[in-house]
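First comes the structure, then the notes that go with it.
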Amino acid sequence: MKKIKKLEFHCELKAQSYSELNASEWELVQQALEARNRSHSPYSKFQVGAAVRLANQTIIQGANQENAAYPSGLCAERVALFAAGVQFPNMTFEALAVCVPDTSTNLPFPCGGCLQVMAEYEYKQQSGLELFLIYPAEELVFRAESTRHLMPFSFNESHLPE
């Protein structure tokens with residue numbers, strides 16, 4: 001058996017200003033920015049919004065939903081993706097935009113749980129989900145063509161026993 005000597009991967013995100021987005025991309029970004037207003041974040045005070053665009057061009061919004069029993073809350077990305085999955089069960093997800101508060105100095109990077117859910121949808125639909133990570137403090141959007149660029153070793157049903 002050959003031994004793996006080295007594994008390499010890199011993450012490439014393309015940064016764009018808001019003015020460089022086309023009309024469809026800007027609409028998705030605006031929907032994510034607006035979704036923050038429906039965040040329920042009384043504990044962290046960290047409002048996150050998300051919006052997923054489907055193949056039929058429908059946009060579904062999500063916002064983080066916190067709970068006093070912290071593990072019971074849910075991130076904005078999963079709220080949007082799960083809502084879209086319920087409302088449009090056989091529709092391809094084309095793009096997902098995620099934004100953090102205007103005052104945040106951290107890049108809008110999804111957590112591992114959200115990346116795993118995105119990877120599952122990519123696996124299910126056999127196509128990438130373009131990501132728009134919105135950094136409002138600088139009016140920038142970081143783009144990734146697929147979750148695979150952010151989480152190259154994701155887990156999916158092919159890893160499960162038959």
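Residue numbers start at 1 in each chain; chains themselves are named A, B, ... in the order of the structure tokens; ligands are numbered from 1 in the order shown.
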
Notebook entry, point to check: Do you know which residues are at most 10 Å from Ser104 in chain A counting only C-alpha atoms, after dropping those on the same chain fewer than 6 positions away, and could you put them as number ranges by chain?
Noted result: A: 46-47, 135-138

All heavy atoms of the current selection, written as a CSV table (one decimal), in the first residue's frame:
chain,number,residue,atom,x,y,z
A,46,PHE,N,-25.0,39.5,17.8
A,46,PHE,CA,-24.3,39.4,16.5
A,46,PHE,C,-25.2,39.0,15.4
A,46,PHE,O,-25.5,37.8,15.3
A,46,PHE,CB,-23.1,38.4,16.7
A,46,PHE,CG,-22.1,38.4,15.6
A,46,PHE,CD1,-21.1,39.4,15.5
A,46,PHE,CD2,-22.1,37.5,14.6
A,46,PHE,CE1,-20.2,39.5,14.5
A,46,PHE,CE2,-21.2,37.5,13.5
A,46,PHE,CZ,-20.2,38.5,13.5
A,47,GLN,N,-25.8,39.9,14.7
A,47,GLN,CA,-26.8,39.6,13.7
A,47,GLN,C,-26.2,39.2,12.4
A,47,GLN,O,-25.4,39.9,11.8
A,47,GLN,CB,-27.7,40.9,13.4
A,47,GLN,CG,-28.5,41.3,14.7
A,47,GLN,CD,-29.2,42.6,14.3
A,47,GLN,OE1,-28.7,43.6,13.8
A,47,GLN,NE2,-30.5,42.5,14.6
A,135,TYR,N,-18.7,41.4,3.6
A,135,TYR,CA,-18.0,42.1,4.7
A,135,TYR,C,-18.4,43.6,4.6
A,135,TYR,O,-17.8,44.4,3.9
A,135,TYR,CB,-16.5,41.9,4.5
A,135,TYR,CG,-15.6,42.5,5.5
A,135,TYR,CD1,-15.8,42.2,6.9
A,135,TYR,CD2,-14.5,43.3,5.2
A,135,TYR,CE1,-15.0,42.8,7.9
A,135,TYR,CE2,-13.7,43.8,6.2
A,135,TYR,CZ,-13.9,43.5,7.5
A,135,TYR,OH,-13.1,44.1,8.5
A,136,PRO,N,-19.5,43.9,5.3
A,136,PRO,CA,-20.1,45.3,5.1
A,136,PRO,C,-19.2,46.4,5.6
A,136,PRO,O,-19.3,47.5,5.0
A,136,PRO,CB,-21.4,45.2,6.0
A,136,PRO,CG,-21.6,43.8,6.2
A,136,PRO,CD,-20.3,43.1,6.1
A,137,ALA,N,-18.3,46.2,6.5
A,137,ALA,CA,-17.5,47.2,7.0
A,137,ALA,C,-16.6,47.9,5.9
A,137,ALA,O,-16.3,49.0,6.0
A,137,ALA,CB,-16.6,46.7,8.2
A,138,GLU,N,-16.3,47.1,4.9
A,138,GLU,CA,-15.5,47.5,3.8
A,138,GLU,C,-16.2,47.5,2.5
A,138,GLU,O,-15.6,47.8,1.4
A,138,GLU,CB,-14.2,46.7,3.7
A,138,GLU,CG,-13.3,46.7,4.9
A,138,GLU,CD,-12.6,48.1,5.1
A,138,GLU,OE1,-12.4,48.8,4.1
A,138,GLU,OE2,-12.3,48.4,6.2

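For the set A:Leu7, A:Leu131, A:Ala80, A:Cys99, the residue with the smallest atom-to-atom gap to Thr58 in chain A is A:Ala80, counting only C-alpha atoms.
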
Pairwise distance, CA of Phe9 in chain A with CA of Arg148 in chain A, equals 10.1 Å

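Straight-line separation from CA of Phe93 in chain A to CA of Glu8 in chain A: 28.2 Å.
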
(message) Based on the backbone DSSP call, show me all residues of chain A assigned strand (DSSP E), as a ChimeraX atom specification.
(response) /A:14-17,49-54,59-63,93-99,130-135,140-144

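Distance annotation: of A:Pro161, A:Glu34, A:Gln65, A:Gln126, the residue with the minimal separation from Asp102 in chain A is A:Glu34; atom set is only C-alpha atoms.
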
Residue contacts of Tyr121 in chain A (9 Å, only C-alpha atoms) excluding same-chain residues fewer than 5 positions away, as a tab-separated table (two decimals) with C-alpha atoms, in the first residue's frame:
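Writing the result to selection.tsv gives the following:
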chain	number	residue	atom	x	y	z
A	81	LEU	CA	-30.84	26.45	3.29
A	92	THR	CA	-30.90	23.38	-7.35
A	93	PHE	CA	-29.30	25.94	-5.06
A	116	GLN	CA	-21.01	20.70	6.09
A	126	GLN	CA	-24.08	17.31	-8.04
A	127	SER	CA	-23.13	20.95	-8.64
A	128	GLY	CA	-21.41	23.74	-6.77
A	129	LEU	CA	-23.00	26.36	-4.58

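Within range 18-66 of chain A, residues classed as alpha helix (DSSP H) by DSSP on backbone coordinates are Ala23, Ser24, Glu25, Trp26, Glu27, Leu28, Val29, Gln30, Gln31, Ala32, Leu33, Glu34 and Ala35 of chain A.
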
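CA of Ala35 in chain A sits 28.8 Å away from CA of Phe155 in chain A.
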
Can you pull out the residues contacting Phe132 in chain A? Cut-off 9 Å, using only C-alpha atoms, and skip same-chain residues under 6 positions away; I want them as a JSON list (two decimals) with all heavy atoms, in the first residue's frame.
[["chain", "number", "residue", "atom", "x", "y", "z"],
["A", 25, "GLU", "N", -26.36, 39.37, -8.61],
["A", 25, "GLU", "CA", -25.51, 39.20, -7.43],
["A", 25, "GLU", "C", -25.82, 40.26, -6.37],
["A", 25, "GLU", "O", -25.91, 39.96, -5.18],
["A", 25, "GLU", "CB", -24.03, 39.30, -7.84],
["A", 25, "GLU", "CG", -23.60, 38.18, -8.74],
["A", 25, "GLU", "CD", -22.29, 38.44, -9.45],
["A", 25, "GLU", "OE1", -21.81, 39.60, -9.46],
["A", 25, "GLU", "OE2", -21.75, 37.48, -10.03],
["A", 28, "LEU", "N", -28.97, 39.43, -4.45],
["A", 28, "LEU", "CA", -28.73, 38.39, -3.45],
["A", 28, "LEU", "C", -28.03, 38.97, -2.22],
["A", 28, "LEU", "O", -28.42, 38.69, -1.08],
["A", 28, "LEU", "CB", -27.88, 37.26, -4.06],
["A", 28, "LEU", "CG", -27.64, 36.06, -3.16],
["A", 28, "LEU", "CD1", -28.95, 35.31, -2.88],
["A", 28, "LEU", "CD2", -26.62, 35.12, -3.80],
["A", 29, "VAL", "N", -27.04, 39.81, -2.45],
["A", 29, "VAL", "CA", -26.33, 40.47, -1.34],
["A", 29, "VAL", "C", -27.29, 41.34, -0.53],
["A", 29, "VAL", "O", -27.30, 41.29, 0.70],
["A", 29, "VAL", "CB", -25.13, 41.29, -1.88],
["A", 29, "VAL", "CG1", -24.59, 42.24, -0.83],
["A", 29, "VAL", "CG2", -24.04, 40.34, -2.38],
["A", 95, "ALA", "N", -26.59, 29.88, -5.43],
["A", 95, "ALA", "CA", -25.67, 30.77, -4.71],
["A", 95, "ALA", "C", -26.21, 31.05, -3.31],
["A", 95, "ALA", "O", -27.42, 31.04, -3.09],
["A", 95, "ALA", "CB", -25.48, 32.08, -5.47],
["A", 96, "LEU", "N", -25.28, 31.32, -2.40],
["A", 96, "LEU", "CA", -25.63, 31.65, -1.02],
["A", 96, "LEU", "C", -24.80, 32.87, -0.61],
["A", 96, "LEU", "O", -23.58, 32.88, -0.79],
["A", 96, "LEU", "CB", -25.33, 30.49, -0.08],
["A", 96, "LEU", "CG", -25.55, 30.75, 1.41],
["A", 96, "LEU", "CD1", -27.04, 30.85, 1.72],
["A", 96, "LEU", "CD2", -24.91, 29.65, 2.24],
["A", 97, "ALA", "N", -25.47, 33.89, -0.09],
["A", 97, "ALA", "CA", -24.80, 35.07, 0.43],
["A", 97, "ALA", "C", -24.96, 35.10, 1.94],
["A", 97, "ALA", "O", -26.05, 34.81, 2.45],
["A", 97, "ALA", "CB", -25.39, 36.34, -0.19],
["A", 98, "VAL", "N", -23.89, 35.46, 2.64],
["A", 98, "VAL", "CA", -23.88, 35.52, 4.10],
["A", 98, "VAL", "C", -23.26, 36.84, 4.51],
["A", 98, "VAL", "O", -22.22, 37.24, 3.96],
["A", 98, "VAL", "CB", -23.06, 34.36, 4.71],
["A", 98, "VAL", "CG1", -23.12, 34.40, 6.22],
["A", 98, "VAL", "CG2", -23.52, 33.02, 4.19],
["A", 99, "CYS", "N", -23.88, 37.51, 5.48],
["A", 99, "CYS", "CA", -23.29, 38.77, 5.94],
["A", 99, "CYS", "C", -23.27, 38.85, 7.45],
["A", 99, "CYS", "O", -24.09, 38.26, 8.14],
["A", 99, "CYS", "CB", -24.02, 39.96, 5.35],
["A", 99, "CYS", "SG", -25.67, 40.17, 5.98],
["A", 141, "VAL", "N", -17.21, 41.87, -0.98],
["A", 141, "VAL", "CA", -17.78, 40.53, -1.06],
["A", 141, "VAL", "C", -16.64, 39.59, -1.45],
["A", 141, "VAL", "O", -15.94, 39.83, -2.43],
["A", 141, "VAL", "CB", -18.91, 40.45, -2.11],
["A", 141, "VAL", "CG1", -19.40, 39.03, -2.26],
["A", 141, "VAL", "CG2", -20.05, 41.38, -1.73],
["A", 142, "PHE", "N", -16.46, 38.54, -0.65],
["A", 142, "PHE", "CA", -15.49, 37.51, -0.97],
["A", 142, "PHE", "C", -16.25, 36.35, -1.59],
["A", 142, "PHE", "O", -17.24, 35.90, -1.03],
["A", 142, "PHE", "CB", -14.74, 37.06, 0.29],
["A", 142, "PHE", "CG", -13.89, 38.15, 0.88],
["A", 142, "PHE", "CD1", -14.42, 39.01, 1.83],
["A", 142, "PHE", "CD2", -12.59, 38.33, 0.46],
["A", 142, "PHE", "CE1", -13.66, 40.02, 2.37],
["A", 142, "PHE", "CE2", -11.81, 39.35, 1.00],
["A", 142, "PHE", "CZ", -12.34, 40.20, 1.96],
["A", 143, "ARG", "N", -15.79, 35.88, -2.76],
["A", 143, "ARG", "CA", -16.51, 34.85, -3.50],
["A", 143, "ARG", "C", -15.72, 33.56, -3.54],
["A", 143, "ARG", "O", -14.52, 33.56, -3.73],
["A", 143, "ARG", "CB", -16.76, 35.31, -4.92],
["A", 143, "ARG", "CG", -17.68, 36.49, -5.01],
["A", 143, "ARG", "CD", -17.73, 37.01, -6.40],
["A", 143, "ARG", "NE", -18.43, 36.09, -7.27],
["A", 143, "ARG", "CZ", -19.05, 36.46, -8.38],
["A", 143, "ARG", "NH1", -19.05, 37.70, -8.77],
["A", 143, "ARG", "NH2", -19.68, 35.57, -9.11],
["A", 144, "ALA", "N", -16.46, 32.46, -3.41],
["A", 144, "ALA", "CA", -15.90, 31.13, -3.62],
["A", 144, "ALA", "C", -16.84, 30.41, -4.57],
["A", 144, "ALA", "O", -18.06, 30.50, -4.43],
["A", 144, "ALA", "CB", -15.79, 30.37, -2.30],
["A", 145, "GLU", "N", -16.29, 29.70, -5.52],
["A", 145, "GLU", "CA", -17.11, 29.01, -6.52],
["A", 145, "GLU", "C", -17.89, 27.84, -5.93],
["A", 145, "GLU", "O", -18.89, 27.43, -6.48],
["A", 145, "GLU", "CB", -16.23, 28.49, -7.65],
["A", 145, "GLU", "CG", -15.62, 29.58, -8.49],
["A", 145, "GLU", "CD", -14.68, 29.02, -9.55],
["A", 145, "GLU", "OE1", -14.66, 27.79, -9.77],
["A", 145, "GLU", "OE2", -13.97, 29.83, -10.14]]

Of A:Leu13, A:Phe109, A:Asn56, A:Thr103, the one sitting nearest Glu139 in chain A when using only C-alpha atoms is A:Thr103

Counting only C-alpha atoms, closest pick from A:Val52, A:Tyr43, A:Ala15, A:Val100 relative to Tyr70 in chain A is A:Tyr43

In terms of only C-alpha atoms, the residue from A:Thr147, A:Thr105, A:Val79, A:Ala23 at minimal distance from Ala50 in chain A is A:Val79

Of A:Val48, A:Glu130, A:Met118, A:Glu66, the one sitting nearest Arg78 in chain A when using only C-alpha atoms is A:Met118
